[in-house]
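Data from input02.cif: mmCIF, C-alpha atoms
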data_upload
loop_
_atom_site.group_PDB
_atom_site.id
_atom_site.type_symbol
_atom_site.label_atom_id
_atom_site.label_comp_id
_atom_site.auth_asym_id
_atom_site.auth_seq_id
_atom_site.Cartn_x
_atom_site.Cartn_y
_atom_site.Cartn_z
ATOM 1 C CA LYS G 1 0.000 0.000 0.000
ATOM 2 C CA LEU G 2 2.577 2.563 1.086
ATOM 3 C CA SER G 3 6.177 3.481 0.296
ATOM 4 C CA ILE G 4 7.889 5.700 2.852
ATOM 5 C CA ILE G 5 10.708 7.634 1.212
ATOM 6 C CA ILE G 6 13.392 9.006 3.552
ATOM 7 C CA PRO G 7 16.144 11.097 1.937
ATOM 8 C CA VAL G 8 19.227 11.158 4.141
ATOM 9 C CA TYR G 9 22.121 13.589 4.122
ATOM 10 C CA ASN G 10 24.372 13.840 7.189
ATOM 11 C CA THR G 11 21.658 13.393 9.819
ATOM 12 C CA ARG G 12 23.298 10.754 11.978
ATOM 13 C CA GLU G 13 22.045 12.460 15.157
ATOM 14 C CA TYR G 14 18.422 12.058 14.098
ATOM 15 C CA LEU G 15 18.180 9.127 11.707
ATOM 16 C CA ALA G 16 17.740 6.346 14.269
ATOM 17 C CA ALA G 17 14.878 8.183 15.982
ATOM 18 C CA CYS G 18 13.267 8.807 12.592
ATOM 19 C CA LEU G 19 13.436 5.131 11.622
ATOM 20 C CA ASP G 20 12.318 3.974 15.065
ATOM 21 C CA SER G 21 9.231 6.170 14.777
ATOM 22 C CA VAL G 22 8.291 4.338 11.574
ATOM 23 C CA LEU G 23 8.967 0.871 12.936
ATOM 24 C CA GLU G 24 7.167 1.579 16.212
ATOM 25 C CA SER G 25 4.139 3.049 14.510
ATOM 26 C CA GLY G 26 2.779 -0.342 13.537
ATOM 27 C CA GLY G 27 3.187 -3.112 11.007
ATOM 28 C CA GLY G 28 1.396 -3.658 7.772
ATOM 29 C CA ASN G 29 1.666 -3.418 4.054
ATOM 30 C CA TYR G 30 4.457 -0.866 3.627
ATOM 31 C CA GLU G 31 8.103 -0.437 2.677
ATOM 32 C CA VAL G 32 10.792 2.041 3.693
ATOM 33 C CA LEU G 33 13.183 3.422 1.086
ATOM 34 C CA ILE G 34 16.185 5.220 2.550
ATOM 35 C CA VAL G 35 17.928 7.297 -0.106
ATOM 36 C CA ASN G 36 21.445 8.028 1.158
ATOM 37 C CA ASP G 37 22.174 11.254 -0.696
ATOM 38 C CA GLY G 38 25.959 11.106 -0.553
ATOM 39 C CA SER G 39 26.250 11.425 3.223
ATOM 40 C CA THR G 40 29.758 11.966 4.541
ATOM 41 C CA ASP G 41 28.980 11.118 8.166
ATOM 42 C CA ASP G 42 27.788 7.823 9.672
ATOM 43 C CA SER G 43 24.263 8.107 8.251
ATOM 44 C CA GLY G 44 24.963 5.423 5.641
ATOM 45 C CA ILE G 45 26.221 3.010 8.289
ATOM 46 C CA ILE G 46 23.129 3.603 10.433
ATOM 47 C CA ALA G 47 20.844 3.086 7.448
ATOM 48 C CA ALA G 48 22.621 -0.135 6.461
ATOM 49 C CA GLY G 49 22.294 -1.412 10.009
ATOM 50 C CA TYR G 50 18.529 -0.953 10.000
ATOM 51 C CA ALA G 51 18.230 -2.529 6.548
ATOM 52 C CA SER G 52 20.132 -5.598 7.731
ATOM 53 C CA ARG G 53 17.816 -5.964 10.742
ATOM 54 C CA TYR G 54 14.633 -5.377 8.748
ATOM 55 C CA PRO G 55 15.402 -6.695 5.252
ATOM 56 C CA ASP G 56 11.743 -7.239 4.399
ATOM 57 C CA LEU G 57 10.831 -3.645 5.244
ATOM 58 C CA ILE G 58 13.806 -1.414 4.497
ATOM 59 C CA ARG G 59 15.805 -0.813 1.342
ATOM 60 C CA VAL G 60 18.780 1.545 1.091
ATOM 61 C CA ILE G 61 19.634 3.330 -2.139
ATOM 62 C CA THR G 62 23.001 5.107 -2.158
ATOM 63 C CA THR G 63 23.594 7.918 -4.603
ATOM 64 C CA GLU G 64 25.851 10.897 -5.164
ATOM 65 C CA ASN G 65 24.693 14.064 -3.481
ATOM 66 C CA GLY G 66 21.986 15.735 -5.530
ATOM 67 C CA GLY G 67 19.895 17.507 -2.935
ATOM 68 C CA LEU G 68 16.612 16.722 -1.232
ATOM 69 C CA GLY G 69 14.472 16.902 -4.354
ATOM 70 C CA ALA G 70 16.694 14.611 -6.387
ATOM 71 C CA ALA G 71 16.766 12.074 -3.550
ATOM 72 C CA ARG G 72 12.985 12.099 -3.334
ATOM 73 C CA ASN G 73 12.758 11.529 -7.093
ATOM 74 C CA ILE G 74 15.054 8.508 -6.856
ATOM 75 C CA GLY G 75 12.878 7.115 -4.094
ATOM 76 C CA LEU G 76 9.577 7.573 -5.897
ATOM 77 C CA GLU G 77 10.965 5.938 -9.041
ATOM 78 C CA ALA G 78 12.050 2.895 -7.018
ATOM 79 C CA ALA G 79 8.913 2.713 -4.889
ATOM 80 C CA LYS G 80 6.469 -0.168 -5.177
ATOM 81 C CA GLY G 81 3.620 1.246 -3.123
ATOM 82 C CA ASP G 82 0.343 2.654 -4.394
ATOM 83 C CA TYR G 83 0.889 5.667 -2.141
ATOM 84 C CA LEU G 84 3.963 7.679 -1.156
ATOM 85 C CA LEU G 85 4.916 9.330 2.112
ATOM 86 C CA PHE G 86 7.957 11.640 2.186
ATOM 87 C CA LEU G 87 9.622 11.694 5.589
ATOM 88 C CA ASP G 88 12.630 13.932 6.263
ATOM 89 C CA SER G 89 15.356 12.099 8.169
ATOM 90 C CA ASP G 90 15.537 14.628 11.009
ATOM 91 C CA ASP G 91 11.777 14.403 11.603
ATOM 92 C CA ALA G 92 9.573 11.572 12.857
ATOM 93 C CA LEU G 93 6.099 10.083 12.800
ATOM 94 C CA ALA G 94 3.823 10.331 15.801
ATOM 95 C CA ALA G 95 3.236 7.182 17.844
ATOM 96 C CA GLY G 96 0.736 4.964 16.048
ATOM 97 C CA ALA G 97 0.674 7.206 12.979
ATOM 98 C CA LEU G 98 1.729 4.586 10.451
ATOM 99 C CA SER G 99 -0.965 2.073 11.380
ATOM 100 C CA GLU G 100 -3.583 4.854 11.171
ATOM 101 C CA MET G 101 -2.256 5.943 7.772
ATOM 102 C CA LEU G 102 -2.436 2.412 6.422
ATOM 103 C CA ALA G 103 -6.008 2.073 7.668
ATOM 104 C CA ALA G 104 -6.914 5.350 5.939
ATOM 105 C CA LEU G 105 -5.615 4.192 2.547
ATOM 106 C CA ASP G 106 -8.936 3.087 1.072
ATOM 107 C CA GLY G 107 -7.863 3.847 -2.499
ATOM 108 C CA ARG G 108 -10.465 6.574 -2.943
ATOM 109 C CA PHE G 109 -8.276 9.671 -2.666
ATOM 110 C CA ASP G 110 -5.276 10.832 -4.660
ATOM 111 C CA ILE G 111 -3.863 13.177 -2.003
ATOM 112 C CA GLY G 112 -4.405 12.860 1.726
ATOM 113 C CA ILE G 113 -3.444 15.813 3.929
ATOM 114 C CA PHE G 114 -2.699 15.676 7.640
ATOM 115 C CA ASP G 115 -1.306 17.946 10.365
ATOM 116 C CA ILE G 116 2.207 18.680 11.622
ATOM 117 C CA LEU G 117 3.331 19.063 15.204
ATOM 118 C CA GLN G 118 6.359 21.322 15.602
ATOM 119 C CA VAL G 119 8.744 19.978 18.232
ATOM 120 C CA ASN G 120 11.944 21.392 19.681
ATOM 121 C CA PRO G 121 15.153 19.381 20.224
ATOM 122 C CA SER G 122 13.916 18.492 23.730
ATOM 123 C CA GLY G 123 10.855 16.822 22.244
ATOM 124 C CA ASP G 124 8.381 19.440 23.446
ATOM 125 C CA THR G 125 5.532 20.422 21.142
ATOM 126 C CA VAL G 126 5.808 24.128 20.385
ATOM 127 C CA GLY G 127 3.166 24.521 17.700
ATOM 128 C CA THR G 128 0.754 22.912 15.272
ATOM 129 C CA ILE G 129 0.581 23.413 11.522
ATOM 130 C CA TYR G 130 -2.866 22.433 10.288
ATOM 131 C CA GLY G 131 -2.583 20.890 6.871
ATOM 132 C CA CYS G 132 -5.828 22.090 5.407
ATOM 133 C CA LYS G 133 -8.765 24.392 6.082
ATOM 134 C CA GLU G 134 -11.221 22.131 4.315
ATOM 135 C CA GLY G 135 -12.966 19.026 5.582
ATOM 136 C CA GLY G 136 -13.744 15.672 4.009
ATOM 137 C CA ASP G 137 -13.207 15.018 0.300
ATOM 138 C CA PHE G 138 -12.861 17.773 -2.292
ATOM 139 C CA THR G 139 -11.069 18.861 -5.449
ATOM 140 C CA LEU G 140 -9.005 21.968 -6.107
ATOM 141 C CA GLU G 141 -11.819 23.386 -8.211
ATOM 142 C CA GLU G 142 -14.237 22.956 -5.314
ATOM 143 C CA SER G 143 -11.803 24.386 -2.740
ATOM 144 C CA PRO G 144 -9.266 26.637 -4.493
ATOM 145 C CA ARG G 145 -8.093 28.056 -1.164
ATOM 146 C CA LEU G 146 -6.090 24.862 -0.887
ATOM 147 C CA LEU G 147 -3.397 26.880 -2.687
ATOM 148 C CA PHE G 148 -2.968 28.893 0.526
ATOM 149 C CA ASP G 149 -2.382 25.892 2.756
ATOM 150 C CA PRO G 150 1.146 24.649 3.565
ATOM 151 C CA PRO G 151 2.627 23.099 0.394
ATOM 152 C CA SER G 152 4.790 20.708 2.413
ATOM 153 C CA ALA G 153 5.325 17.331 0.792
ATOM 154 C CA CYS G 154 5.804 15.720 4.199
ATOM 155 C CA ASN G 155 2.258 16.089 5.519
ATOM 156 C CA LYS G 156 0.651 14.362 2.573
ATOM 157 C CA LEU G 157 -0.033 10.894 1.228
ATOM 158 C CA PHE G 158 0.268 10.929 -2.565
ATOM 159 C CA ARG G 159 -1.009 8.352 -4.991
ATOM 160 C CA ARG G 160 2.206 7.388 -6.732
ATOM 161 C CA ALA G 161 0.498 7.453 -10.133
ATOM 162 C CA LEU G 162 0.129 11.246 -9.841
ATOM 163 C CA PHE G 163 3.896 11.581 -10.173
ATOM 164 C CA ILE G 164 4.467 8.746 -12.616
ATOM 165 C CA GLU G 165 1.711 9.664 -15.084
ATOM 166 C CA SER G 166 2.227 13.446 -14.967
ATOM 167 C CA GLY G 167 6.024 13.522 -14.959
ATOM 168 C CA VAL G 168 5.985 16.017 -12.093
ATOM 169 C CA ARG G 169 9.182 15.748 -10.060
ATOM 170 C CA PHE G 170 10.947 17.672 -7.316
ATOM 171 C CA PRO G 171 13.753 20.048 -8.342
ATOM 172 C CA GLY G 172 17.204 19.449 -6.921
ATOM 173 C CA ARG G 173 19.564 21.779 -5.055
ATOM 174 C CA VAL G 174 17.064 24.567 -4.474
ATOM 175 C CA TRP G 175 15.110 25.996 -1.603
ATOM 176 C CA PHE G 176 11.304 25.839 -1.586
ATOM 177 C CA GLU G 177 11.175 22.598 -3.549
ATOM 178 C CA ASP G 178 7.764 21.777 -2.063
ATOM 179 C CA LEU G 179 6.208 25.047 -3.223
ATOM 180 C CA ARG G 180 7.615 24.361 -6.697
ATOM 181 C CA THR G 181 6.092 20.877 -6.808
ATOM 182 C CA VAL G 182 3.051 20.114 -4.655
ATOM 183 C CA PRO G 183 0.669 22.738 -6.148
ATOM 184 C CA LYS G 184 1.251 21.155 -9.572
ATOM 185 C CA LEU G 185 -0.392 17.969 -8.321
ATOM 186 C CA TYR G 186 -3.559 19.569 -6.950
ATOM 187 C CA PRO G 187 -5.392 20.023 -10.281
ATOM 188 C CA LEU G 188 -4.480 16.447 -11.246
ATOM 189 C CA ALA G 189 -6.131 14.931 -8.181
ATOM 190 C CA GLY G 190 -9.661 13.602 -8.607
ATOM 191 C CA CYS G 191 -10.099 13.486 -4.841
ATOM 192 C CA ILE G 192 -8.218 15.276 -2.072
ATOM 193 C CA ARG G 193 -8.977 14.333 1.532
ATOM 194 C CA TYR G 194 -8.188 16.149 4.759
ATOM 195 C CA LEU G 195 -7.448 13.466 7.337
ATOM 196 C CA ASN G 196 -7.203 15.847 10.328
ATOM 197 C CA LYS G 197 -4.556 13.865 12.223
ATOM 198 C CA PRO G 198 -1.278 15.171 13.785
ATOM 199 C CA TRP G 199 0.805 12.395 12.285
ATOM 200 C CA TYR G 200 4.033 14.261 11.517
ATOM 201 C CA HIS G 201 6.593 15.596 14.016
ATOM 202 C CA TYR G 202 8.659 18.393 12.499
ATOM 203 C CA LEU G 203 11.887 19.134 14.343
ATOM 204 C CA ILE G 204 12.723 22.829 14.587
ATOM 205 C CA ARG G 205 16.481 23.087 14.535
ATOM 206 C CA PRO G 206 19.200 25.484 13.343
ATOM 207 C CA GLY G 207 19.874 25.204 9.630
ATOM 208 C CA SER G 208 16.296 24.790 8.446
ATOM 209 C CA ILE G 209 14.960 27.342 5.971
ATOM 210 C CA THR G 210 12.894 29.015 8.675
ATOM 211 C CA ASN G 211 15.983 29.429 10.874
ATOM 212 C CA ASN G 212 18.717 29.882 8.262
ATOM 213 C CA ALA G 213 20.743 33.084 8.432
ATOM 214 C CA ASN G 214 21.352 33.091 4.659
ATOM 215 C CA ALA G 215 18.768 35.782 3.898
ATOM 216 C CA ALA G 216 19.676 36.057 0.206
ATOM 217 C CA ARG G 217 18.510 32.534 -0.555
ATOM 218 C CA ASN G 218 14.965 33.614 0.254
ATOM 219 C CA LEU G 219 14.973 35.188 -3.203
ATOM 220 C CA GLU G 220 14.624 31.654 -4.558
ATOM 221 C CA ILE G 221 10.975 31.788 -3.526
ATOM 222 C CA ILE G 222 10.447 34.135 -6.476
ATOM 223 C CA ASP G 223 11.587 31.364 -8.830
ATOM 224 C CA ALA G 224 9.237 28.954 -7.056
ATOM 225 C CA ALA G 225 6.244 31.263 -7.444
ATOM 226 C CA GLU G 226 7.053 31.959 -11.086
ATOM 227 C CA GLU G 227 7.332 28.246 -11.778
ATOM 228 C CA ILE G 228 3.875 27.547 -10.330
ATOM 229 C CA ILE G 229 2.295 30.495 -12.137
ATOM 230 C CA SER G 230 3.848 29.357 -15.434
ATOM 231 C CA TYR G 231 2.621 25.818 -14.834
ATOM 232 C CA TYR G 232 -0.967 26.956 -14.300
ATOM 233 C CA LYS G 233 -0.800 29.179 -17.369
ATOM 234 C CA ALA G 234 0.532 26.330 -19.524
ATOM 235 C CA ALA G 235 -2.271 24.089 -18.245
ATOM 236 C CA GLY G 236 -4.908 26.699 -19.117
ATOM 237 C CA LEU G 237 -5.812 27.116 -15.449
ATOM 238 C CA TYR G 238 -4.451 30.552 -14.632
ATOM 239 C CA ASN G 239 -7.650 32.522 -15.246
ATOM 240 C CA ARG G 240 -9.641 30.124 -13.078
ATOM 241 C CA TYR G 241 -7.242 30.446 -10.152
ATOM 242 C CA GLU G 242 -5.853 33.947 -10.724
ATOM 243 C CA ASN G 243 -7.062 35.348 -7.399
ATOM 244 C CA GLU G 244 -5.727 32.362 -5.490
ATOM 245 C CA LEU G 245 -2.358 32.414 -7.251
ATOM 246 C CA CYS G 246 -2.022 36.142 -6.602
ATOM 247 C CA TYR G 247 -2.717 35.630 -2.912
ATOM 248 C CA MET G 248 -0.377 32.638 -2.774
ATOM 249 C CA ALA G 249 2.387 34.886 -4.147
ATOM 250 C CA PHE G 250 1.408 37.691 -1.770
ATOM 251 C CA TYR G 251 1.490 35.466 1.284
ATOM 252 C CA ASN G 252 4.556 33.357 0.440
ATOM 253 C CA VAL G 253 6.795 35.754 -1.463
ATOM 254 C CA PHE G 254 5.943 39.181 -0.125
ATOM 255 C CA LEU G 255 4.648 38.685 3.404
ATOM 256 C CA THR G 256 6.176 35.482 4.796
ATOM 257 C CA ALA G 257 9.561 35.626 3.063
ATOM 258 C CA SER G 258 9.965 39.312 3.882
ATOM 259 C CA VAL G 259 9.242 38.718 7.571
ATOM 260 C CA ARG G 260 11.617 35.738 7.575
ATOM 261 C CA VAL G 261 14.408 37.881 6.096
ATOM 262 C CA ASN G 262 13.557 40.716 8.454
ATOM 263 C CA ALA G 263 14.078 38.444 11.451
ATOM 264 C CA VAL G 264 17.643 37.799 10.286
ATOM 265 C CA ASP G 265 18.493 41.323 9.141
ATOM 266 C CA PRO G 266 15.923 44.151 9.240
ATOM 267 C CA GLU G 267 18.152 46.188 6.930
ATOM 268 C CA SER G 268 18.454 43.504 4.267
ATOM 269 C CA GLU G 269 17.863 44.645 0.693
ATOM 270 C CA VAL G 270 16.236 41.276 0.021
ATOM 271 C CA GLN G 271 13.016 42.693 1.464
ATOM 272 C CA GLU G 272 12.946 45.378 -1.232
ATOM 273 C CA LYS G 273 13.603 42.847 -4.001
ATOM 274 C CA LEU G 274 10.790 40.600 -2.788
ATOM 275 C CA MET G 275 8.376 43.523 -2.678
ATOM 276 C CA GLN G 276 9.341 44.871 -6.098
ATOM 277 C CA TRP G 277 8.859 41.473 -7.737
ATOM 278 C CA PHE G 278 5.422 41.146 -6.205
ATOM 279 C CA LEU G 279 4.322 44.674 -7.148
ATOM 280 C CA GLN G 280 5.496 44.221 -10.729
ATOM 281 C CA SER G 281 3.854 40.808 -11.045
ATOM 282 C CA PHE G 282 0.550 41.780 -9.447
ATOM 283 C CA PRO G 283 0.031 45.559 -9.767
ATOM 284 C CA ALA G 284 -3.675 45.254 -8.895
ATOM 285 C CA TRP G 285 -3.012 43.201 -5.763
ATOM 286 C CA ARG G 286 -5.041 45.434 -3.468
ATOM 287 C CA GLU G 287 -8.176 44.480 -5.405
ATOM 288 C CA ASN G 288 -7.656 40.800 -4.595
ATOM 289 C CA PRO G 289 -10.603 39.625 -2.445
ATOM 290 C CA TYR G 290 -8.348 37.581 -0.182
ATOM 291 C CA VAL G 291 -6.011 40.520 0.425
ATOM 292 C CA GLN G 292 -9.006 42.688 1.232
ATOM 293 C CA ASN G 293 -9.945 40.249 4.002
ATOM 294 C CA LEU G 294 -6.583 40.097 5.751
ATOM 295 C CA ASN G 295 -6.619 39.764 9.514
ATOM 296 C CA ALA G 296 -5.431 42.725 11.579
ATOM 297 C CA LYS G 297 -1.903 41.387 12.137
ATOM 298 C CA HIS G 298 -1.237 40.662 8.469
ATOM 299 C CA ARG G 299 -2.756 43.984 7.434
ATOM 300 C CA LEU G 300 -0.421 45.835 9.794
ATOM 301 C CA LEU G 301 2.663 43.914 8.631
ATOM 302 C CA THR G 302 1.710 44.525 5.001
ATOM 303 C CA GLU G 303 1.427 48.266 5.458
ATOM 304 C CA LEU G 304 4.667 48.495 7.423
ATOM 305 C CA LEU G 305 6.552 46.517 4.778
ATOM 306 C CA MET G 306 5.069 48.624 1.989
ATOM 307 C CA ARG G 307 6.215 51.767 3.803
ATOM 308 C CA ARG G 308 9.612 50.173 4.412
ATOM 309 C CA LYS G 309 9.228 50.401 8.178
ATOM 310 C CA HIS G 310 11.467 47.394 8.582
ATOM 311 C CA ARG G 311 12.607 48.163 12.117
ATOM 312 C CA SER G 312 8.982 48.306 13.241
ATOM 313 C CA VAL G 313 8.328 44.901 11.655
ATOM 314 C CA HIS G 314 11.373 43.518 13.421
ATOM 315 C CA LEU G 315 10.184 44.812 16.781
ATOM 316 C CA ILE G 316 6.634 43.505 16.335
ATOM 317 C CA MET G 317 7.836 40.031 15.419
ATOM 318 C CA LYS G 318 10.263 39.910 18.343
ATOM 319 C CA VAL G 319 7.431 40.775 20.726
ATOM 320 C CA ASN G 320 5.239 38.176 19.021
ATOM 321 C CA ASP G 321 7.914 35.487 19.366
ATOM 322 C CA ARG G 322 8.426 36.279 23.034
ATOM 323 C CA ALA G 323 4.700 35.967 23.658
ATOM 324 C CA LYS G 324 4.655 32.609 21.849
ATOM 325 C CA ASN G 325 7.569 31.288 23.884
ATOM 326 C CA LYS G 326 5.998 32.472 27.118
ATOM 327 C CA ASN G 327 2.661 30.853 26.293
ATOM 328 C CA GLY G 328 4.419 27.687 25.119
#
Would you mind giving the structure from this file in structure tokens?
Amino acid sequence: KLSIIIPVYNTREYLAACLDSVLESGGGNYEVLIVNDGSTDDSGIIAAGYASRYPDLIRVITTENGGLGAARNIGLEAAKGDYLLFLDSDDALAAGALSEMLAALDGRFDIGIFDILQVNPSGDTVGTIYGCKEGGDFTLEESPRLLFDPPSACNKLFRRALFIESGVRFPGRVWFEDLRTVPKLYPLAGCIRYLNKPWYHYLIRPGSITNNANAARNLEIIDAAEEIISYYKAAGLYNRYENELCYMAFYNVFLTASVRVNAVDPESEVQEKLMQWFLQSFPAWRENPYVQNLNAKHRLLTELLMRRKHRSVHLIMKVNDRAKNKNG
């Protein structure tokens, strides 16, 4: 039923816990494909050890380093399951998650979406990312606001045929590979289901995109947005989803990426470049119905960024983070 694809690159501190979370989640009709993406630490040895202990469950594929996306592609090509689950090797599944996933695979949906628990290195839950705002079964046409929900590949169960028949693959050696890929699959899915389960544990650690000090690489989100917009135009779907694609670009490129850069360096010129791309791409953005219904916080951040009040944004977000940590 299910192929669990785990790309691995130098995560020896986390890999055993990741694999244990799969093996402890329950047995059943599944396989684990570990793609060792040219690791230079002991990750390959750890992976081989698990494969030798569980030869009927675990396969290891060793390849030269090509990045997360390339490793995922290798795994999905080698997979035998009807469905795919992408699990990052520094993350884990919740207790009992795998058995619940397998029970949910009734063959009726093409994409199943579930929730993510954010955990710190001590194992404490510090937040929840809800995978979807919809309920039950739907299509993108029925619920186009799906384009606003997290595009993570890791909180979804994909029918493998979506990738194989469409030719959609993850890009290699880039940031925001999920945003470049997952929205391409939505219009191809005959049924999307929100499973409303916190099955995925996402480890917040230094070095992730959300915590990376390399502010300039946030400009790659422009390429990701342009790729999705071009894809929808080529498929003849842009006019149908123009408002949603505009808001997706507003939220991901202008608002979220700008705030992320601002947290690292409130004086960074990257903020200006993100804003200018968005304004040039969507000059009528204020007429977008989703933008017009922003909540108070996002409306304030938008106006401050537009007026280049970057120090004020920095201060607001620091206060917000302190409040989160205190409440957590």
(request) Could you expand the PyMOL selection byres ((chain G and resi 196) around 9) into the explicit residues it covers here, written as a PyMOL selection string? (result) chain G and resi 113-115+130-132+135+194-195+197-199
(request) Identify all residues satisfying the PyMOL selection byres ((chain G and resi 70) around 12) in the given file; provide them as a PyMOL selection string. (result) chain G and resi 5-9+35-38+63-69+71-77+169-174+177
Just C-alpha atoms for this one: save the residues we selected as a PDB file, in the frame of the given file.
ATOM      1  CA  ILE G   5      10.708   7.634   1.212  1.00  0.00           C
ATOM      2  CA  ILE G   6      13.392   9.006   3.552  1.00  0.00           C
ATOM      3  CA  PRO G   7      16.144  11.097   1.937  1.00  0.00           C
ATOM      4  CA  VAL G   8      19.227  11.158   4.141  1.00  0.00           C
ATOM      5  CA  TYR G   9      22.121  13.589   4.122  1.00  0.00           C
ATOM      6  CA  VAL G  35      17.928   7.297  -0.106  1.00  0.00           C
ATOM      7  CA  ASN G  36      21.445   8.028   1.158  1.00  0.00           C
ATOM      8  CA  ASP G  37      22.174  11.254  -0.696  1.00  0.00           C
ATOM      9  CA  GLY G  38      25.959  11.106  -0.553  1.00  0.00           C
ATOM     10  CA  THR G  63      23.594   7.918  -4.603  1.00  0.00           C
ATOM     11  CA  GLU G  64      25.851  10.897  -5.164  1.00  0.00           C
ATOM     12  CA  ASN G  65      24.693  14.064  -3.481  1.00  0.00           C
ATOM     13  CA  GLY G  66      21.986  15.735  -5.530  1.00  0.00           C
ATOM     14  CA  GLY G  67      19.895  17.507  -2.935  1.00  0.00           C
ATOM     15  CA  LEU G  68      16.612  16.722  -1.232  1.00  0.00           C
ATOM     16  CA  GLY G  69      14.472  16.902  -4.354  1.00  0.00           C
ATOM     17  CA  ALA G  71      16.766  12.074  -3.550  1.00  0.00           C
ATOM     18  CA  ARG G  72      12.985  12.099  -3.334  1.00  0.00           C
ATOM     19  CA  ASN G  73      12.758  11.529  -7.093  1.00  0.00           C
ATOM     20  CA  ILE G  74      15.054   8.508  -6.856  1.00  0.00           C
ATOM     21  CA  GLY G  75      12.878   7.115  -4.094  1.00  0.00           C
ATOM     22  CA  LEU G  76       9.577   7.573  -5.897  1.00  0.00           C
ATOM     23  CA  GLU G  77      10.965   5.938  -9.041  1.00  0.00           C
ATOM     24  CA  ARG G 169       9.182  15.748 -10.060  1.00  0.00           C
ATOM     25  CA  PHE G 170      10.947  17.672  -7.316  1.00  0.00           C
ATOM     26  CA  PRO G 171      13.753  20.048  -8.342  1.00  0.00           C
ATOM     27  CA  GLY G 172      17.204  19.449  -6.921  1.00  0.00           C
ATOM     28  CA  ARG G 173      19.564  21.779  -5.055  1.00  0.00           C
ATOM     29  CA  VAL G 174      17.064  24.567  -4.474  1.00  0.00           C
ATOM     30  CA  GLU G 177      11.175  22.598  -3.549  1.00  0.00           C
TER      31      GLU G 177
END
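Restricting the calculation to only C-alpha atoms, the smallest distance between Gly44 in chain G and any of G:Lys297, G:Lys309, G:Arg12, G:Arg59 is found for G:Arg12.
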(request) For the structure shown, which residues end up in the PyMOL selection byres ((chain G and resi 217) around 10)? Put them as an NGL selection string, please? (result) :G and (174-176 or 209 or 212-216 or 218-221 or 261 or 270)
(message) Quick one: residues within 10 Å of Glu13 in chain G, all atoms listed in the file, excluding same-chain residues fewer than 3 positions away - as an MDAnalysis selection string?
(response) chainID G and resid 10 16:18 41:43 89:90
(message) Env of range 272-281 of chain G: 12 Å cut, atoms = all atoms listed in the file, seq-sep filter 3 positions within chain, self excluded. Answer as a VMD selection string.
(response) chain G and resid 215 to 223 225 to 226 229 242 245 to 262 266 to 269 284 to 286 302 to 310
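Every protein, DNA or RNA residue with an atom at most 7 Å from Asp110 in chain G, where only C-alpha atoms count and chain neighbours fewer than 5 positions away do not, is listed here: Phe158, Arg159, Ala189, Gly190, Cys191 and Ile192 of chain G.
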(request) Just the residues within 7 Å of Ile204 in chain G, please, counting all atoms listed in the file, with nothing from its chain fewer than 5 positions along; format it as a VMD selection string. (result) chain G and resid 118 to 120
With a cut-off of 10 Å, could you pull out the residues of range 39-78 of chain G touching range 19-22 of chain G and give me the nearest pair of atoms for each, distance in Å to one decimal, using all atoms listed in the file, ordered by chain and ascending number, as a tab-separated table?
residue	atom	partner	partner_atom	distance
G:Ile46	CA	G:Leu19	CA	9.9
G:Ala47	CA	G:Leu19	CA	8.7
G:Tyr50	CA	G:Leu19	CA	8.1
G:Ile58	CA	G:Leu19	CA	9.7
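The interatomic distance for the pair CA of Ala79 in chain G and CA of Glu31 in chain G works out to 8.2 Å.
Atom to atom, CA of Leu185 in chain G and CA of Phe86 in chain G stand 14.8 Å apart.
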